[in-house]
>>> print(open('entry-v3.csv').read())   # CSV, C-alpha atoms and all ligand atoms
chain,number,residue,atom,x,y,z
M,153,MET,CA,-10.5,35.9,-28.9
M,154,HIS,CA,-13.2,37.3,-26.6
M,155,GLN,CA,-13.4,41.1,-27.0
M,156,ILE,CA,-12.5,41.7,-23.3
M,157,ASP,CA,-9.4,39.5,-23.5
M,158,LYS,CA,-8.3,41.4,-26.6
M,159,ALA,CA,-8.8,44.7,-24.8
M,160,VAL,CA,-6.7,43.5,-21.8
M,161,THR,CA,-3.9,42.4,-24.2
M,162,LEU,CA,-3.9,45.8,-25.8
M,163,LEU,CA,-4.0,47.7,-22.5
M,164,LYS,CA,-1.0,45.7,-21.2
M,165,ALA,CA,0.9,46.5,-24.4
M,166,GLY,CA,0.5,50.2,-23.7
M,167,GLU,CA,-2.4,50.8,-26.2
M,168,VAL,CA,-5.7,52.6,-25.6
M,169,VAL,CA,-9.1,51.0,-25.8
M,170,GLY,CA,-12.6,52.4,-26.1
M,171,MET,CA,-14.9,51.1,-23.3
M,172,PRO,CA,-18.6,51.5,-22.6
M,173,THR,CA,-19.6,52.9,-19.2
M,174,GLU,CA,-23.2,53.6,-18.0
M,175,THR,CA,-22.6,57.4,-18.6
M,176,VAL,CA,-20.7,57.7,-21.9
M,177,TYR,CA,-18.0,55.7,-23.7
M,178,GLY,CA,-14.4,56.3,-22.3
M,179,LEU,CA,-11.0,56.0,-24.0
M,180,GLY,CA,-9.0,54.0,-21.5
M,181,ALA,CA,-5.4,53.2,-20.7
M,182,SER,CA,-3.8,51.3,-17.9
M,183,ILE,CA,-2.7,53.7,-15.1
M,184,ASP,CA,0.6,51.8,-15.2
M,185,SER,CA,1.4,52.6,-18.8
M,186,GLN,CA,3.0,55.9,-19.6
M,187,ALA,CA,2.7,55.1,-23.3
M,188,GLY,CA,-1.0,54.5,-23.0
M,189,ILE,CA,-1.7,57.6,-20.9
M,190,SER,CA,0.2,59.7,-23.5
M,191,LYS,CA,-1.8,58.2,-26.3
M,192,ILE,CA,-5.1,59.3,-24.7
M,193,PHE,CA,-4.0,62.9,-24.8
M,194,GLU,CA,-2.7,62.6,-28.4
M,195,LEU,CA,-5.8,60.9,-29.8
M,196,LYS,CA,-8.2,63.2,-28.1
M,197,GLU,CA,-6.1,66.3,-28.9
M,198,ARG,CA,-6.6,67.1,-25.2
M,199,PRO,CA,-4.4,69.6,-23.4
M,200,PHE,CA,-2.3,68.3,-20.6
M,201,PHE,CA,-3.9,70.6,-18.0
M,202,ASP,CA,-7.1,68.6,-18.1
M,203,PRO,CA,-7.0,65.7,-15.6
M,204,LEU,CA,-8.3,62.2,-16.3
M,205,ILE,CA,-10.7,60.1,-14.2
M,206,VAL,CA,-9.4,56.8,-12.9
M,207,HIS,CA,-11.8,53.9,-13.1
M,208,VAL,CA,-11.7,51.3,-10.4
M,209,ARG,CA,-13.2,48.0,-9.6
M,210,ASN,CA,-14.4,49.0,-6.1
M,211,ALA,CA,-13.7,51.2,-3.1
M,212,GLN,CA,-10.9,49.0,-1.9
M,213,GLN,CA,-9.0,49.6,-5.2
M,214,ALA,CA,-9.8,53.3,-4.9
M,215,ARG,CA,-8.0,53.4,-1.6
M,216,THR,CA,-4.7,52.4,-3.2
M,217,LEU,CA,-4.8,55.6,-5.3
M,218,VAL,CA,-5.3,58.2,-2.5
M,219,LYS,CA,-3.8,59.5,0.7
M,220,ASP,CA,-7.0,60.5,2.4
M,221,TRP,CA,-9.9,58.0,2.0
M,222,ASN,CA,-12.1,59.6,4.6
M,223,PRO,CA,-15.5,58.6,6.0
M,224,ILE,CA,-17.2,60.9,3.5
M,225,ALA,CA,-15.6,59.1,0.5
M,226,GLN,CA,-16.3,55.8,2.1
M,227,ALA,CA,-20.0,56.6,2.7
M,228,LEU,CA,-20.5,57.9,-0.9
M,229,ALA,CA,-18.6,55.0,-2.5
M,230,GLU,CA,-20.6,52.5,-0.5
M,231,HIS,CA,-23.9,54.0,-1.5
M,232,PHE,CA,-23.3,55.2,-5.1
M,233,TRP,CA,-20.7,52.8,-6.5
M,234,PRO,CA,-20.8,51.2,-9.0
M,235,GLY,CA,-22.4,54.3,-10.5
M,236,PRO,CA,-22.0,57.7,-12.1
M,237,LEU,CA,-20.2,59.5,-9.2
M,238,THR,CA,-16.5,60.6,-9.4
M,239,LEU,CA,-14.8,61.4,-6.1
M,240,VAL,CA,-11.9,63.8,-6.2
M,241,CYS,CA,-9.4,63.0,-3.3
M,242,GLU,CA,-5.8,63.7,-2.4
M,243,LYS,CA,-3.7,61.5,-4.7
M,244,ALA,CA,-1.1,58.9,-3.6
M,245,ASP,CA,2.5,59.9,-4.4
M,246,SER,CA,2.9,56.8,-6.6
M,247,LEU,CA,0.2,57.8,-9.1
M,248,ASN,CA,1.5,59.1,-12.5
M,249,PRO,CA,1.1,62.9,-12.3
M,250,MET,CA,0.2,63.1,-16.0
M,251,ILE,CA,-3.1,61.5,-15.0
M,252,THR,CA,-4.0,64.3,-12.7
M,253,ALA,CA,-2.5,67.0,-14.9
M,254,GLY,CA,0.0,67.8,-12.1
M,255,LEU,CA,-2.8,68.4,-9.5
M,256,GLU,CA,-2.4,67.0,-6.0
M,257,ARG,CA,-5.9,65.4,-6.3
M,258,VAL,CA,-7.3,62.6,-8.4
M,259,GLY,CA,-10.8,61.9,-9.6
M,260,ILE,CA,-11.9,58.3,-9.2
M,261,ARG,CA,-15.0,56.4,-10.0
M,262,CYS,CA,-16.3,52.8,-10.2
M,263,PRO,CA,-18.5,52.5,-13.3
M,264,SER,CA,-21.5,50.2,-13.3
M,265,HIS,CA,-21.3,48.9,-16.8
M,266,PRO,CA,-20.6,45.2,-16.6
M,267,ILE,CA,-18.1,45.3,-19.5
M,268,ALA,CA,-16.1,48.1,-17.9
M,269,LEU,CA,-16.0,46.3,-14.6
M,270,GLU,CA,-14.9,43.0,-16.2
M,271,LEU,CA,-12.2,44.9,-18.1
M,272,ILE,CA,-10.8,46.5,-14.9
M,273,GLU,CA,-11.0,43.2,-13.1
M,274,LYS,CA,-9.2,41.2,-15.8
M,275,LEU,CA,-6.5,43.9,-16.3
M,276,GLY,CA,-5.9,43.8,-12.6
M,277,SER,CA,-5.3,47.5,-12.4
M,278,PRO,CA,-7.3,50.7,-12.6
M,279,ILE,CA,-8.0,52.4,-16.0
M,280,ALA,CA,-7.6,56.1,-16.7
M,281,ALA,CA,-10.3,57.2,-19.1
M,282,PRO,CA,-11.7,60.5,-20.3
M,283,SER,CA,-14.8,60.5,-22.5
M,284,ALA,CA,-13.9,59.1,-25.9
M,285,ASN,CA,-14.4,62.2,-28.0
M,286,LYS,CA,-12.1,64.9,-29.4
M,287,PHE,CA,-11.4,67.7,-26.9
M,288,LYS,CA,-14.5,70.0,-26.3
M,289,LYS,CA,-16.7,67.8,-28.5
M,290,THR,CA,-19.8,65.8,-27.7
M,291,SER,CA,-19.2,62.6,-25.7
M,292,PRO,CA,-20.1,59.3,-27.4
M,293,THR,CA,-22.9,57.2,-26.2
M,294,ARG,CA,-22.6,54.3,-28.7
M,295,ARG,CA,-19.6,52.3,-30.0
M,296,GLU,CA,-20.1,53.7,-33.6
M,297,HIS,CA,-19.7,57.3,-32.3
M,298,VAL,CA,-16.3,56.5,-30.9
M,299,LEU,CA,-15.1,54.9,-34.1
M,300,LYS,CA,-16.4,57.9,-36.1
M,301,GLU,CA,-14.8,60.4,-33.8
M,302,LEU,CA,-11.4,58.8,-33.2
M,303,GLY,CA,-11.0,56.5,-36.2
M,304,GLU,CA,-11.7,52.9,-37.1
M,305,GLU,CA,-8.2,51.8,-36.0
M,306,VAL,CA,-9.1,52.3,-32.3
M,307,PHE,CA,-10.3,49.1,-30.6
M,308,VAL,CA,-13.7,49.8,-29.0
M,309,LEU,CA,-15.6,47.3,-26.9
M,310,GLU,CA,-19.3,46.9,-27.8
M,311,GLY,CA,-21.5,47.7,-24.9
M,312,GLY,CA,-24.7,49.0,-26.4
M,313,ASN,CA,-26.3,52.4,-25.7
M,314,CYS,CA,-25.2,54.2,-22.6
M,315,GLU,CA,-27.9,54.1,-20.0
M,316,VAL,CA,-27.3,57.5,-18.3
M,317,GLY,CA,-26.2,59.5,-21.4
M,318,ILE,CA,-24.3,62.4,-19.7
M,319,GLU,CA,-21.0,62.3,-17.8
M,320,SER,CA,-20.7,61.4,-14.1
M,321,THR,CA,-21.2,63.9,-11.3
M,322,VAL,CA,-17.7,65.1,-10.2
M,323,ALA,CA,-17.4,65.8,-6.4
M,324,GLY,CA,-14.4,67.1,-4.5
M,325,ILE,CA,-14.2,65.4,-1.1
M,326,PHE,CA,-12.7,67.3,1.8
M,327,GLU,CA,-12.6,66.8,5.6
M,328,ASP,CA,-15.4,69.2,6.2
M,329,ARG,CA,-17.3,69.5,2.9
M,330,VAL,CA,-18.2,68.2,-0.5
M,331,GLU,CA,-17.9,70.4,-3.6
M,332,ILE,CA,-19.7,69.6,-6.8
M,333,TYR,CA,-17.6,70.6,-9.8
M,334,ARG,CA,-19.8,68.9,-12.5
M,335,PRO,CA,-23.4,68.1,-11.9
M,336,GLY,CA,-24.8,64.8,-13.2
M,337,LYS,CA,-27.4,62.2,-12.6
M,338,ILE,CA,-26.4,61.9,-8.9
M,339,THR,CA,-27.4,65.3,-7.4
M,340,ALA,CA,-26.3,67.4,-4.5
M,341,ARG,CA,-29.6,66.4,-2.8
M,342,ASP,CA,-28.8,62.7,-3.3
M,343,ILE,CA,-25.3,63.2,-1.8
M,344,LYS,CA,-26.6,65.2,1.2
M,345,GLU,CA,-29.2,62.6,1.9
M,346,VAL,CA,-26.6,59.7,2.1
M,347,LEU,CA,-24.3,61.8,4.3
M,348,LYS,CA,-27.1,62.4,6.6
M,349,GLN,CA,-28.0,58.7,6.8
M,350,ASN,CA,-24.3,58.2,7.8
M,351,ASP,CA,-24.5,60.9,10.5
M,352,LEU,CA,-22.2,63.1,8.5
M,353,ASP,CA,-23.4,66.7,8.9
M,354,ILE,CA,-21.5,68.1,5.9
M,355,ASN,CA,-22.0,71.0,3.5
M,356,VAL,CA,-22.5,70.1,-0.1
M,357,GLU,CA,-22.1,73.0,-2.6
M,358,HIS,CA,-21.9,73.6,-6.3
M,359,THR,CA,-18.7,75.4,-7.1
M,360,GLN,CA,-17.1,76.6,-10.3
M,361,SER,CA,-13.8,75.5,-8.9
M,362,PRO,CA,-10.4,76.5,-10.3
M,363,VAL,CA,-9.3,73.0,-9.3
M,364,ALA,CA,-11.4,71.6,-12.1
M,365,PRO,CA,-9.5,73.0,-15.0
M,366,GLY,CA,-11.5,70.8,-17.4
M,367,GLN,CA,-14.6,72.8,-16.8
M,368,LEU,CA,-14.1,75.2,-19.6
M,369,LYS,CA,-16.8,77.5,-20.8
M,370,HIS,CA,-17.2,75.8,-24.1
M,371,HIS,CA,-17.4,72.1,-24.2
M,372,TYR,CA,-19.7,69.2,-25.4
M,373,MET,CA,-20.1,71.1,-28.7
M,374,PRO,CA,-21.5,69.5,-31.8
M,375,ASP,CA,-20.4,70.6,-35.2
M,376,ILE,CA,-23.5,72.8,-35.8
M,377,PRO,CA,-24.8,75.6,-33.6
M,378,VAL,CA,-26.9,74.8,-30.5
M,379,ILE,CA,-29.6,77.3,-29.8
M,380,LEU,CA,-31.3,77.3,-26.4
M,381,ALA,CA,-34.9,78.5,-26.6
M,382,TRP,CA,-36.3,79.4,-23.2
M,383,ASP,CA,-39.9,79.0,-22.1
M,384,MET,CA,-41.6,78.4,-25.4
M,385,ASN,CA,-43.5,75.5,-27.1
M,386,GLU,CA,-42.4,74.4,-30.6
M,387,GLU,CA,-44.7,76.6,-32.5
M,388,GLN,CA,-43.7,79.7,-30.5
M,389,ILE,CA,-40.0,78.8,-31.1
M,390,ARG,CA,-40.5,78.5,-34.9
M,391,ASN,CA,-42.4,81.8,-35.0
M,392,LYS,CA,-39.7,83.5,-32.9
M,393,MET,CA,-37.0,82.3,-35.3
M,394,ALA,CA,-38.9,83.3,-38.4
M,395,SER,CA,-39.4,86.8,-37.0
M,396,SER,CA,-35.7,87.6,-36.6
M,397,ARG,CA,-33.8,88.1,-39.9
M,398,GLU,CA,-30.5,87.5,-38.2
M,399,ILE,CA,-31.5,84.2,-36.5
M,400,ALA,CA,-33.5,83.0,-39.6
M,401,LYS,CA,-30.2,82.8,-41.5
M,402,ILE,CA,-29.0,79.9,-39.4
M,403,THR,CA,-32.3,78.4,-38.5
M,404,SER,CA,-33.5,77.8,-42.0
M,405,ARG,CA,-33.2,74.0,-41.5
M,406,ALA,CA,-33.5,73.9,-37.7
M,407,ASN,CA,-34.2,70.8,-35.7
M,408,VAL,CA,-36.4,71.7,-32.8
M,409,TRP,CA,-36.7,69.5,-29.7
M,410,VAL,CA,-38.5,70.8,-26.6
M,411,LEU,CA,-37.3,69.0,-23.4
M,412,LYS,CA,-40.5,68.3,-21.6
M,413,ASP,CA,-39.8,64.6,-20.9
M,414,ASP,CA,-38.4,63.6,-17.6
M,415,PRO,CA,-34.7,64.5,-17.1
M,416,ALA,CA,-33.5,60.9,-17.2
M,417,THR,CA,-34.8,60.5,-20.7
M,418,ALA,CA,-33.5,63.9,-21.8
M,419,ALA,CA,-30.0,63.0,-20.5
M,420,ARG,CA,-30.1,59.6,-22.2
M,421,MET,CA,-31.1,61.1,-25.6
M,422,LEU,CA,-29.2,64.4,-25.6
M,423,TYR,CA,-25.8,63.5,-27.1
M,424,GLN,CA,-27.4,61.0,-29.5
M,425,HIS,CA,-29.7,63.8,-30.6
M,426,PHE,CA,-26.8,66.2,-31.2
M,427,ARG,CA,-25.1,63.6,-33.4
M,428,HIS,CA,-28.2,62.7,-35.3
M,429,CYS,CA,-28.8,66.4,-36.1
M,430,GLN,CA,-25.3,67.1,-37.3
M,431,GLU,CA,-25.4,64.0,-39.5
M,432,SER,CA,-28.8,64.7,-41.0
M,433,ALA,CA,-27.9,68.0,-42.6
M,434,PHE,CA,-29.8,70.2,-40.2
M,435,SER,CA,-28.4,73.8,-40.0
M,436,CYS,CA,-28.7,74.0,-36.2
M,437,ILE,CA,-30.0,72.3,-33.1
M,438,VAL,CA,-32.7,74.1,-31.2
M,439,ILE,CA,-33.4,72.9,-27.7
M,440,GLY,CA,-36.5,74.1,-26.0
M,441,ILE,CA,-36.0,74.4,-22.2
M,442,PHE,CA,-37.7,76.0,-19.2
M,443,THR,CA,-36.3,78.4,-16.6
M,444,ALA,CA,-38.2,76.5,-13.9
M,445,TYR,CA,-35.8,73.6,-14.5
M,446,ARG,CA,-33.0,75.7,-12.9
M,447,GLN,CA,-34.7,75.1,-9.5
M,448,GLN,CA,-34.9,71.3,-10.1
M,449,GLU,CA,-31.9,69.3,-9.1
M,450,ASP,CA,-32.5,66.5,-11.6
M,451,TRP,CA,-32.2,69.0,-14.5
M,452,LEU,CA,-28.9,70.6,-13.4
M,453,GLY,CA,-26.7,68.1,-15.2
M,454,ILE,CA,-28.5,68.7,-18.5
M,455,LEU,CA,-28.6,72.5,-18.1
M,456,ASN,CA,-24.8,72.4,-17.4
M,457,ARG,CA,-24.1,70.6,-20.6
M,458,LEU,CA,-26.5,72.8,-22.6
M,459,ASP,CA,-24.9,76.0,-21.2
M,460,LYS,CA,-21.5,74.8,-22.4
M,461,ALA,CA,-22.7,73.5,-25.8
M,462,LYS,CA,-24.8,76.5,-26.7
M,463,THR,CA,-24.0,79.1,-29.4
M,464,LEU,CA,-26.9,81.4,-28.5
M,465,GLU,CA,-30.2,81.7,-26.7
M,466,ILE,CA,-33.6,83.0,-27.6
M,467,PHE,CA,-36.4,84.2,-25.3
M,468,PRO,CA,-40.1,84.7,-25.8
P,501,LIG,O1,-18.9,59.8,-16.8
P,501,LIG,C1,-17.7,60.1,-16.9
P,501,LIG,O2,-17.1,60.7,-15.9
P,501,LIG,C2,-16.9,59.7,-18.1
P,501,LIG,C3,-16.8,58.2,-18.2
P,501,LIG,C4,-15.9,57.8,-19.3
P,501,LIG,O3,-16.3,57.7,-17.0
P,501,LIG,N1,-15.6,60.4,-18.1
P,501,LIG,C5,-15.4,61.7,-18.3
P,501,LIG,O4,-14.1,62.1,-18.4
P,501,LIG,O5,-16.4,62.5,-18.5
P,501,LIG,P1,-13.7,63.5,-18.9
P,501,LIG,O6,-12.2,63.5,-18.9
P,501,LIG,O7,-14.3,63.8,-20.2
P,501,LIG,O8,-14.1,64.6,-17.8
P,501,LIG,C6,-13.4,64.5,-16.6
P,501,LIG,C7,-13.5,65.8,-15.9
P,501,LIG,C8,-12.3,66.7,-16.1
P,501,LIG,O9,-12.4,67.5,-17.3
P,501,LIG,C9,-12.3,67.5,-14.9
P,501,LIG,O10,-13.2,68.6,-15.0
P,501,LIG,C10,-12.8,66.6,-13.8
P,501,LIG,O11,-13.5,65.6,-14.5
P,501,LIG,N2,-11.7,66.1,-13.0
P,501,LIG,C11,-11.0,65.0,-13.2
P,501,LIG,N3,-10.0,64.9,-12.3
P,501,LIG,C12,-10.1,66.0,-11.6
P,501,LIG,C13,-9.3,66.5,-10.5
P,501,LIG,N4,-8.2,65.8,-10.0
P,501,LIG,N5,-9.7,67.6,-9.9
P,501,LIG,C14,-10.7,68.3,-10.4
P,501,LIG,N6,-11.5,67.9,-11.4
P,501,LIG,C15,-11.2,66.7,-12.0
P,502,MG,MG,-15.1,64.7,-21.7
>>> encode(input="entry-v3.csv", output="structure tokens")
Amino acid sequence: MHQIDKAVTLLKAGEVVGMPTETVYGLGASIDSQAGISKIFELKERPFFDPLIVHVRNAQQARTLVKDWNPIAQALAEHFWPGPLTLVCEKADSLNPMITAGLERVGIRCPSHPIALELIEKLGSPIAAPSANKFKKTSPTRREHVLKELGEEVFVLEGGNCEVGIESTVAGIFEDRVEIYRPGKITARDIKEVLKQNDLDINVEHTQSPVAPGQLKHHYMPDIPVILAWDMNEEQIRNKMASSREIAKITSRANVWVLKDDPATAARMLYQHFRHCQESAFSCIVIGIFTAYRQQEDWLGILNRLDKAKTLEIFP
């Protein structure tokens, strides 16, 4: 049987399926299956207060899930979908409240990976899917990662390496504003630009919103410590580590990677790098990073993930 047909059969039977998206691999269930939705939380060991993102085929399907598909949502969907942008809107009454963790609002996105799109199309209904990792751990960007993380018995569609590499931008959509809860490849600047083109004079702000309960302080964590090293080259980092007896204890077999590439490459490599390091018997992962990046929108998604994955920071 073709792998997508098999996945559709499983989803219809209330099972979960690993699926590639352009950001990271997701663990999907049909939004119509209570059994499937429950299995997502079980397998991920995810608390029920953390809402799931619903993946749709297009904006038209998104409309069936919400009460308030406003011109802002329409403009952003038209421009950025299929793509790595999740829109959080007021949910329709009919949507299973377990998906939204009891919240009145639902996160929706249309992924651009052809396999994800075909799967949603063939299933004929949207798919709820968080990233396919254990709660708080690093998101998978290859099929093997999912199998390793969740077990060989999970059916996972093969879709190659994820192109983007970090999770989608999550944006709360209101009548008068847009709030960014999780930065990603699509930046606040990109969003503002598109709203402007559509004559929507709307504020776009980053918020640490209480309505995004999944945004815990620690998240995306590999099994070994992540150390952020600010404003140093590799040699300076190694000298710095050697000079502190306390740090030297955990950095004896450190992997050091200074992020001086462009942000798109850094994002694509980041989680793969975490996994490579923890599997290669390094004692810790040291990421070299620069304070100037905080002023550059394209780095904010990566900085956000690093801030949540880090164990400690070192400075010149
Ligand atoms: O790129 C992605 O978004 C990937 C792929 C698989 O699509 N999915 C993903 O899902 O990262 P997950 O569950 O790991 O992260 C979703 C986060 C939640 O933890 C929460 O912070 C936010 O999105 N979110 C989802 N629904 C929300 C809601 N109704 N209100 C506020 N935040 C929400
Ligand atoms: Mg996740």
>>> atom_distance(input="entry-v3.csv", atom1="CA of Arg295 (chain M)", atom2="CA of Lys196 (chain M)")
15.9 Å
>>> closest_residue(input="entry-v3.csv", among="M:Ala400, M:Ile205, M:Ile279, M:Val330", to="ligand LIG 501 (chain P)", atoms="only C-alpha atoms and all ligand atoms")
M:Ile205
>>> residues_near_ligand(input="entry-v3.csv", ligand="ligand MG 502 (chain P)", cutoff="7 Å", atoms="all atoms listed in the file", output="ChimeraX atom specification")
/M:282-283,285,291
>>> write_last_selection(input="entry-v3.csv", atoms="C-alpha atoms", output="PDB file, in the coordinates of the input")
ATOM      1  CA  PRO M 282     -11.700  60.500 -20.300  1.00  0.00           C
ATOM      2  CA  SER M 283     -14.800  60.500 -22.500  1.00  0.00           C
ATOM      3  CA  ASN M 285     -14.400  62.200 -28.000  1.00  0.00           C
ATOM      4  CA  SER M 291     -19.200  62.600 -25.700  1.00  0.00           C
TER       5      SER M 291
END
>>> residues_around(input="entry-v3.csv", residues="Thr339 (chain M)", least_positions_apart="2", cutoff="8 Å", atoms="all atoms listed in the file", output="PyMOL selection string")
chain M and resi 321+335-337+341-343+449-450
>>> atom_distance(input="entry-v3.csv", atom1="CA of Glu310 (chain M)", atom2="CA of Pro292 (chain M)")
12.4 Å
>>> residues_near_point(input="entry-v3.csv", point="(4.4, 68.2, -2.3)", cutoff="12 Å", atoms="all atoms listed in the file", output="PyMOL selection string")
chain M and resi 242-245+249+254-257
>>> write_last_selection(input="entry-v3.csv", atoms="C-alpha atoms", output="PDB file, in the coordinates of the input")
ATOM      1  CA  GLU M 242      -5.800  63.700  -2.400  1.00  0.00           C
ATOM      2  CA  LYS M 243      -3.700  61.500  -4.700  1.00  0.00           C
ATOM      3  CA  ALA M 244      -1.100  58.900  -3.600  1.00  0.00           C
ATOM      4  CA  ASP M 245       2.500  59.900  -4.400  1.00  0.00           C
ATOM      5  CA  PRO M 249       1.100  62.900 -12.300  1.00  0.00           C
ATOM      6  CA  GLY M 254       0.000  67.800 -12.100  1.00  0.00           C
ATOM      7  CA  LEU M 255      -2.800  68.400  -9.500  1.00  0.00           C
ATOM      8  CA  GLU M 256      -2.400  67.000  -6.000  1.00  0.00           C
ATOM      9  CA  ARG M 257      -5.900  65.400  -6.300  1.00  0.00           C
TER      10      ARG M 257
END
>>> residues_around(input="entry-v3.csv", residues="Lys158 (chain M)", least_positions_apart="3", cutoff="12 Å", atoms="only C-alpha atoms", output="MDAnalysis selection string")
chainID M and resid 153:155 161:165 167:170 271 274:275 307:309
>>> closest_residue(input="entry-v3.csv", among="M:Val298, M:Ala433, M:Ile379, M:Leu179", to="ligand LIG 501 (chain P)", atoms="all atoms listed in the file")
M:Leu179
>>> closest_residue(input="entry-v3.csv", among="M:Lys191, M:Lys289, M:Arg420, M:His207", to="Thr175 (chain M)", atoms="only C-alpha atoms")
M:Arg420
>>> closest_residue(input="entry-v3.csv", among="M:Gly166, M:Gly312, M:Pro415, M:Pro468", to="Tyr445 (chain M)", atoms="all atoms listed in the file")
M:Pro415
>>> atom_distance(input="entry-v3.csv", atom1="CA of Tyr177 (chain M)", atom2="CA of Glu296 (chain M)")
10.3 Å
>>> closest_residue(input="entry-v3.csv", among="M:Pro234, M:Pro223, M:Gly311, M:Pro199", to="Val346 (chain M)", atoms="all atoms listed in the file")
M:Pro223
>>> residues_near_point(input="entry-v3.csv", point="(-32.5, 63.6, -23.8)", cutoff="12 Å", atoms="only C-alpha atoms", output="PDB file with C-alpha atoms, keeping the file's coordinate frame")
ATOM      1  CA  THR M 293     -22.900  57.200 -26.200  1.00  0.00           C
ATOM      2  CA  CYS M 314     -25.200  54.200 -22.600  1.00  0.00           C
ATOM      3  CA  GLU M 315     -27.900  54.100 -20.000  1.00  0.00           C
ATOM      4  CA  VAL M 316     -27.300  57.500 -18.300  1.00  0.00           C
ATOM      5  CA  GLY M 317     -26.200  59.500 -21.400  1.00  0.00           C
ATOM      6  CA  ILE M 318     -24.300  62.400 -19.700  1.00  0.00           C
ATOM      7  CA  TRP M 409     -36.700  69.500 -29.700  1.00  0.00           C
ATOM      8  CA  VAL M 410     -38.500  70.800 -26.600  1.00  0.00           C
ATOM      9  CA  LEU M 411     -37.300  69.000 -23.400  1.00  0.00           C
ATOM     10  CA  LYS M 412     -40.500  68.300 -21.600  1.00  0.00           C
ATOM     11  CA  ASP M 413     -39.800  64.600 -20.900  1.00  0.00           C
ATOM     12  CA  ASP M 414     -38.400  63.600 -17.600  1.00  0.00           C
ATOM     13  CA  PRO M 415     -34.700  64.500 -17.100  1.00  0.00           C
ATOM     14  CA  ALA M 416     -33.500  60.900 -17.200  1.00  0.00           C
ATOM     15  CA  THR M 417     -34.800  60.500 -20.700  1.00  0.00           C
ATOM     16  CA  ALA M 418     -33.500  63.900 -21.800  1.00  0.00           C
ATOM     17  CA  ALA M 419     -30.000  63.000 -20.500  1.00  0.00           C
ATOM     18  CA  ARG M 420     -30.100  59.600 -22.200  1.00  0.00           C
ATOM     19  CA  MET M 421     -31.100  61.100 -25.600  1.00  0.00           C
ATOM     20  CA  LEU M 422     -29.200  64.400 -25.600  1.00  0.00           C
ATOM     21  CA  TYR M 423     -25.800  63.500 -27.100  1.00  0.00           C
ATOM     22  CA  GLN M 424     -27.400  61.000 -29.500  1.00  0.00           C
ATOM     23  CA  HIS M 425     -29.700  63.800 -30.600  1.00  0.00           C
ATOM     24  CA  PHE M 426     -26.800  66.200 -31.200  1.00  0.00           C
ATOM     25  CA  ILE M 439     -33.400  72.900 -27.700  1.00  0.00           C
ATOM     26  CA  GLY M 440     -36.500  74.100 -26.000  1.00  0.00           C
ATOM     27  CA  ILE M 441     -36.000  74.400 -22.200  1.00  0.00           C
ATOM     28  CA  TRP M 451     -32.200  69.000 -14.500  1.00  0.00           C
ATOM     29  CA  GLY M 453     -26.700  68.100 -15.200  1.00  0.00           C
ATOM     30  CA  ILE M 454     -28.500  68.700 -18.500  1.00  0.00           C
ATOM     31  CA  LEU M 455     -28.600  72.500 -18.100  1.00  0.00           C
ATOM     32  CA  ARG M 457     -24.100  70.600 -20.600  1.00  0.00           C
ATOM     33  CA  LEU M 458     -26.500  72.800 -22.600  1.00  0.00           C
TER      34      LEU M 458
END
>>> closest_residue(input="entry-v3.csv", among="M:Ile224, M:Ala461, M:Ala406, M:Met171", to="ligand LIG 501 (chain P)", atoms="only C-alpha atoms and all ligand atoms")
M:Met171
>>> residues_around(input="entry-v3.csv", residues="Ile437 (chain M)", least_positions_apart="4", cutoff="7 Å", atoms="all atoms listed in the file", output="list in words")
Pro377, Val378, Ile379, Ala406, Asn407, Val408 and Cys429 of chain M
>>> residues_around(input="entry-v3.csv", residues="Leu217 (chain M)", least_positions_apart="3", cutoff="10 Å", atoms="all atoms listed in the file", output="JSON, numbers by chain")
{"M": [206, 208, 212, 213, 214, 220, 221, 241, 242, 243, 244, 245, 246, 247, 257, 258, 259, 260, 278]}
>>> write_last_selection(input="entry-v3.csv", atoms="C-alpha atoms", output="PDB file, keeping the file's coordinate frame")
ATOM      1  CA  VAL M 206      -9.400  56.800 -12.900  1.00  0.00           C
ATOM      2  CA  VAL M 208     -11.700  51.300 -10.400  1.00  0.00           C
ATOM      3  CA  GLN M 212     -10.900  49.000  -1.900  1.00  0.00           C
ATOM      4  CA  GLN M 213      -9.000  49.600  -5.200  1.00  0.00           C
ATOM      5  CA  ALA M 214      -9.800  53.300  -4.900  1.00  0.00           C
ATOM      6  CA  ASP M 220      -7.000  60.500   2.400  1.00  0.00           C
ATOM      7  CA  TRP M 221      -9.900  58.000   2.000  1.00  0.00           C
ATOM      8  CA  CYS M 241      -9.400  63.000  -3.300  1.00  0.00           C
ATOM      9  CA  GLU M 242      -5.800  63.700  -2.400  1.00  0.00           C
ATOM     10  CA  LYS M 243      -3.700  61.500  -4.700  1.00  0.00           C
ATOM     11  CA  ALA M 244      -1.100  58.900  -3.600  1.00  0.00           C
ATOM     12  CA  ASP M 245       2.500  59.900  -4.400  1.00  0.00           C
ATOM     13  CA  SER M 246       2.900  56.800  -6.600  1.00  0.00           C
ATOM     14  CA  LEU M 247       0.200  57.800  -9.100  1.00  0.00           C
ATOM     15  CA  ARG M 257      -5.900  65.400  -6.300  1.00  0.00           C
ATOM     16  CA  VAL M 258      -7.300  62.600  -8.400  1.00  0.00           C
ATOM     17  CA  GLY M 259     -10.800  61.900  -9.600  1.00  0.00           C
ATOM     18  CA  ILE M 260     -11.900  58.300  -9.200  1.00  0.00           C
ATOM     19  CA  PRO M 278      -7.300  50.700 -12.600  1.00  0.00           C
TER      20      PRO M 278
END
